[in-house]
Number of protein chains: 2
Amino acid sequence: MIPSGNPTLEMVAAEAGVSRATVSRVVNGHASVAPEAVAAVHAAVARLNYVPNRVARSLASRRTDVIALIVPESTSTVFADPFFAPVVRGVARALAETDFTLNLLVASETRPEKTRRYLLGGNVDGALVVSHHSGDHSYLGLGDALPIVFGGRPLNPELESRHYVDVDNRHAAQSATEYLLGSGRRRVATIAGPQDMPAGIDRLAGWRDAVEAVGGDVSLAEHGAFTQQSGAEAVIRLLDRHPASGAGSASTGSASTGSAGAGFDALFAANDQMAAGAIQALRNRGLSSPADVAVVGFDDDAFAATLDPPLTTVRQPATELGVSMTELLVRLISGEEAPHRTIIPTELVRRGTA
Amino acid sequence: MIPSGNPTLEMVAAEAGVSRATVSRVVNGHASVAPEAVAAVHAAVARLNYVPNRVARSLASRRTDVIALIVPESTSTVFADPFFAPVVRGVARALAETDFTLNLLVASETRPEKTRRYLLGGNVDGALVVSHHSGDHSYLGLGDALPIVFGGRPLNPELESRHYVDVDNRHAAQSATEYLLGSGRRRVATIAGPQDMPAGIDRLAGWRDAVEAVGGDVSLAEHGAFTQQSGAEAVIRLLDRHPASGAGSASTGSASTGSAGAGFDALFAANDQMAAGAIQALRNRGLSSPADVAVVGFDDDAFAATLDPPLTTVRQPATELGVSMTELLVRLISGEEAPHRTIIPTELVRRGTA
DNA sequence: CTGAAAGCGCTAACAG
DNA sequence: CTGTTAGCGCTTTCAG
């Protein structure tokens, strides 16, 4: 191993006794090269331990075979987010069958131009942006300089013209609510997410769709921040605002002690964390789930099934989201047309709380 | 936004009325350029919205300003690993102050050559390998073609000649055991990790060092697989092999019911997961911690503090590991000499179990 | 302080 | 089927 740089294509050409063009052809698997030439080149490649310089290839071919998955630098949060790992897995899986290499780019939030320049500097053929949060306006301008696929509906209307794949939060929320209504519950409350995130907005809208359809009470809503704590607080507010009313409640077999009852008999929480917090808070008030309040969450995160009772929730197929985003991006990179909006189906997972 | 490619340096030169060389100089902040020229170039850059092509720059300068953090494709596992997120955070933090861009490379385990070629193809200036597991022999050969820093002591002796940063598992384990011994416990058992991983090997060795120093019983060891389940099973085996003996046990205030007692009064588990499993299993046998068996874990993972009682453990400074690895790599890239072995200190976190 | 010229290693027409 | 010829966009001596 001589410390001096790697062998070049030119050296391989010399070694094999052919021209550089021929070497390039066989290395890239281009058709029509004499079998002998192919063999000679392969031999030379092996002998020299040649590895093509991708940078040079990129410059010449204007392709990189690399796609970037951009994650915000709040990496700690990102990696802790149970939703994220499966998405990455999906992306990696979809890419495994292609010749693309994945490039998880940790975008410095303090120096956004660093990322911008990287992306625009010809380092990647396309990018995937998982915009769990709303603040990624920085990628707005890149859209027409580089194929980009967003995960999650963009909040910014300008981005509606971009390509994105998402779950149908609104419809899923509506279905979950209808499920609650269909199981005999009369007053379905909701703990909505932040209204500056699409997931928060859409899930609330879906709940409202279902409630309005049956002439229900759309004031049974409080907001949380997608955290357990905020879920607990929200349900307390709900309880305070709507104590046990004359409404024919379904609470009968409750093992509750000095329960004050609740003015609602079902709850749709915009994510599992908040559902967990809510159930805990209800219990502290002597209300149990599902007996007093049936609860449905959203996400089916890693903890949903381990709660007691296990949480009934709307499962988001995160891996499929990753796969789907990737396939879409690859299609865009190869110049194909593709729909701007791709929706992947969710699924209600019935467990113990509803 | 004209769909045709980005403006080139040449166009900027024309726009600014200077040569390409001059544009290059000001763009790269090289000294000695006439103020007027600088201004003209900046103006042109802004007007044209010029972003340098990093690929071309790379080819010409033979630098990329990118470093890769390689993670095995068992991504699901990796991202789920509570140890991983802080390492990434550390890397990102250290890099934020430099001009390097981070490139988290998900290495396809089914197609290792893909990664190899990427690394050797001039895409990055150096690489970080977090070798939590032992199987990464694939990076062995890269060492003298590209600066690489390993996280965690390499298992393979050949790698000892590489650069790596690690915590001193052996010494930390020894200290933890000594702590147990120093708090009046006589018989300290251990649940060791797999003996094909450095962390498993070294932590066991450290425990033995301490036990032998006081003439203790080094047969009080069982092995686990770093999982909760395996920790529970290991402690059961320990219990079966060493039931309550005549040894003056420290078990006094135990609230245990029909406790059979244990032939050891302290336990050092090679990681927190196993410690958690062990405590659970002990409890099932009517033994409580710390009353009957004092327990110290290793890692201080995300769950350690939430156990009941909270787990006393050896904290691994994962973020610092990331920072340290990065600083080392950057130094290597700039051609500086650096020590092959860097050890970062651990810390015993005293909580409720010992 | 600045321009001219020569590549970095590879791909891609274009003739043969 | 294969060699020749031009570059890809930028950095970097080397003169001036």
# chains A, B, ... in the order shown; residues from 1 in each chain; ligands from 1
>>> select_by_dssp(residues="segment 14-255 of chain B", states="alpha helix (DSSP H)", output="number ranges by chain")
B: 14-16, 20-27, 35-48, 54-61, 75-80, 84-96, 112-120, 169-182, 198-213, 228-241
>>> interface_residues(of="chain D", to="chain A", cutoff="8 Å", atoms="only C-alpha atoms (C1' of nucleotides)", output="MDAnalysis selection string")
chainID D and resid 1:3 8:9
>>> write_last_selection(atoms="C-alpha atoms (C1' of nucleotides)", output="PDB file, in the first residue's frame")
ATOM      1  C1'  DC D   1     -16.014  -2.566 -31.135  1.00  0.00           C
ATOM      2  C1'  DT D   2     -12.405   1.151 -29.800  1.00  0.00           C
ATOM      3  C1'  DG D   3      -9.413   5.239 -29.708  1.00  0.00           C
ATOM      4  C1'  DC D   8     -17.156  18.962 -16.462  1.00  0.00           C
ATOM      5  C1'  DG D   9     -15.998  23.693 -12.880  1.00  0.00           C
TER       6       DG D   9
END
>>> interface_residues(of="chain C", to="chain A", cutoff="7 Å", atoms="only C-alpha atoms (C1' of nucleotides)", output="count of residues only")
3
>>> closest_residue(among="B:Ala318, B:Leu282, B:Ala199, B:Ala172", to="chain A", atoms="only C-alpha atoms")
B:Ala318
>>> closest_residue(among="B:Val106, B:Ala244, B:Ile201, B:Ile344", to="chain A", atoms="only C-alpha atoms")
B:Val106
>>> atom_distance(atom1="atom CA of Val88 of chain B", atom2="atom CA of Ser108 of chain A")
12.5 Å
>>> select_by_dssp(residues="segment 28-148 of chain A", states="strand (DSSP E)", output="list in words")
Val66, Ile67, Ala68, Leu69, Ile70, Val71, Pro72, Thr101, Leu102, Asn103, Leu104, Leu105, Val106, Ala107, Gly126, Ala127, Leu128, Val129, Val130 and Ile148 of chain A
>>> atom_distance(atom1="atom CA of Gly224 of chain B", atom2="atom CA of Ile191 of chain B")
6.3 Å
>>> atom_distance(atom1="atom CA of Val66 of chain B", atom2="atom CA of Val130 of chain A")
21.8 Å
>>> residues_around(residues="Ala266 of chain B", least_positions_apart="4", cutoff="6 Å", atoms="only C-alpha atoms (C1' of nucleotides)", output="list of chain:residue names")
B:Val188, B:Val293, B:Ala294, B:Val295
>>> write_last_selection(atoms="N, CA and C atoms", output="short mmCIF file (atom, residue, chain, number, x, y, z; two decimals), in the first residue's frame")
data_model
loop_
_atom_site.label_atom_id
_atom_site.label_comp_id
_atom_site.auth_asym_id
_atom_site.auth_seq_id
_atom_site.Cartn_x
_atom_site.Cartn_y
_atom_site.Cartn_z
N VAL B 188 -19.12 -9.75 45.60
CA VAL B 188 -19.63 -9.01 44.45
C VAL B 188 -19.65 -9.89 43.20
N VAL B 293 -29.19 -7.06 47.64
CA VAL B 293 -28.10 -7.04 46.66
C VAL B 293 -27.93 -5.61 46.12
N ALA B 294 -26.76 -5.07 46.33
CA ALA B 294 -26.47 -3.74 45.80
C ALA B 294 -26.14 -3.94 44.32
N VAL B 295 -26.67 -3.07 43.46
CA VAL B 295 -26.43 -3.24 42.03
C VAL B 295 -25.85 -1.98 41.39
#
>>> residues_around(residues="Ala232 of chain A", least_positions_apart="6", cutoff="9 Å", atoms="only C-alpha atoms (C1' of nucleotides)", output="VMD selection string")
chain A and resid 224 274 to 282
>>> closest_residue(among="A:Asp217, A:Gly121, A:Leu69, A:Glu113", to="Thr101 of chain A", atoms="only C-alpha atoms")
A:Leu69
>>> residues_around(residues="Ala39 of chain A", least_positions_apart="6", cutoff="12 Å", atoms="only C-alpha atoms (C1' of nucleotides)", output="list of chain:residue names")
A:Ala16, A:Gly17, A:Val18, A:Thr22, A:Val23, A:Val26, A:Val27, A:Val33, A:Val45, A:Ala46
>>> write_last_selection(atoms="N, CA and C atoms", output="CSV table (one decimal), in the first residue's frame")
chain,number,residue,atom,x,y,z
A,16,ALA,N,-3.8,-2.4,-18.8
A,16,ALA,CA,-4.6,-3.4,-19.6
A,16,ALA,C,-4.3,-3.3,-21.1
A,17,GLY,N,-3.6,-2.3,-21.4
A,17,GLY,CA,-3.3,-2.1,-22.8
A,17,GLY,C,-4.4,-1.7,-23.7
A,18,VAL,N,-5.3,-0.9,-23.1
A,18,VAL,CA,-6.4,-0.4,-23.9
A,18,VAL,C,-6.5,1.2,-23.6
A,22,THR,N,-12.2,2.8,-23.1
A,22,THR,CA,-12.6,1.3,-22.9
A,22,THR,C,-12.7,0.9,-21.5
A,23,VAL,N,-11.7,1.4,-20.7
A,23,VAL,CA,-11.7,1.1,-19.3
A,23,VAL,C,-13.0,1.6,-18.7
A,26,VAL,N,-16.0,-0.6,-19.6
A,26,VAL,CA,-16.2,-1.8,-18.8
A,26,VAL,C,-16.5,-1.6,-17.4
A,27,VAL,N,-15.8,-0.6,-16.8
A,27,VAL,CA,-16.1,-0.3,-15.4
A,27,VAL,C,-17.6,0.1,-15.2
A,33,VAL,N,-18.2,-4.3,-25.7
A,33,VAL,CA,-16.7,-4.2,-25.5
A,33,VAL,C,-16.3,-5.7,-25.7
A,45,VAL,N,-7.7,-4.0,-13.2
A,45,VAL,CA,-8.4,-3.4,-12.0
A,45,VAL,C,-8.1,-4.1,-10.8
A,46,ALA,N,-8.2,-5.4,-10.8
A,46,ALA,CA,-7.9,-6.2,-9.7
A,46,ALA,C,-6.4,-6.0,-9.2
>>> closest_residue(among="A:Glu15, A:Asp166, A:Glu36, A:Glu97", to="chain B", atoms="only C-alpha atoms")
A:Glu97
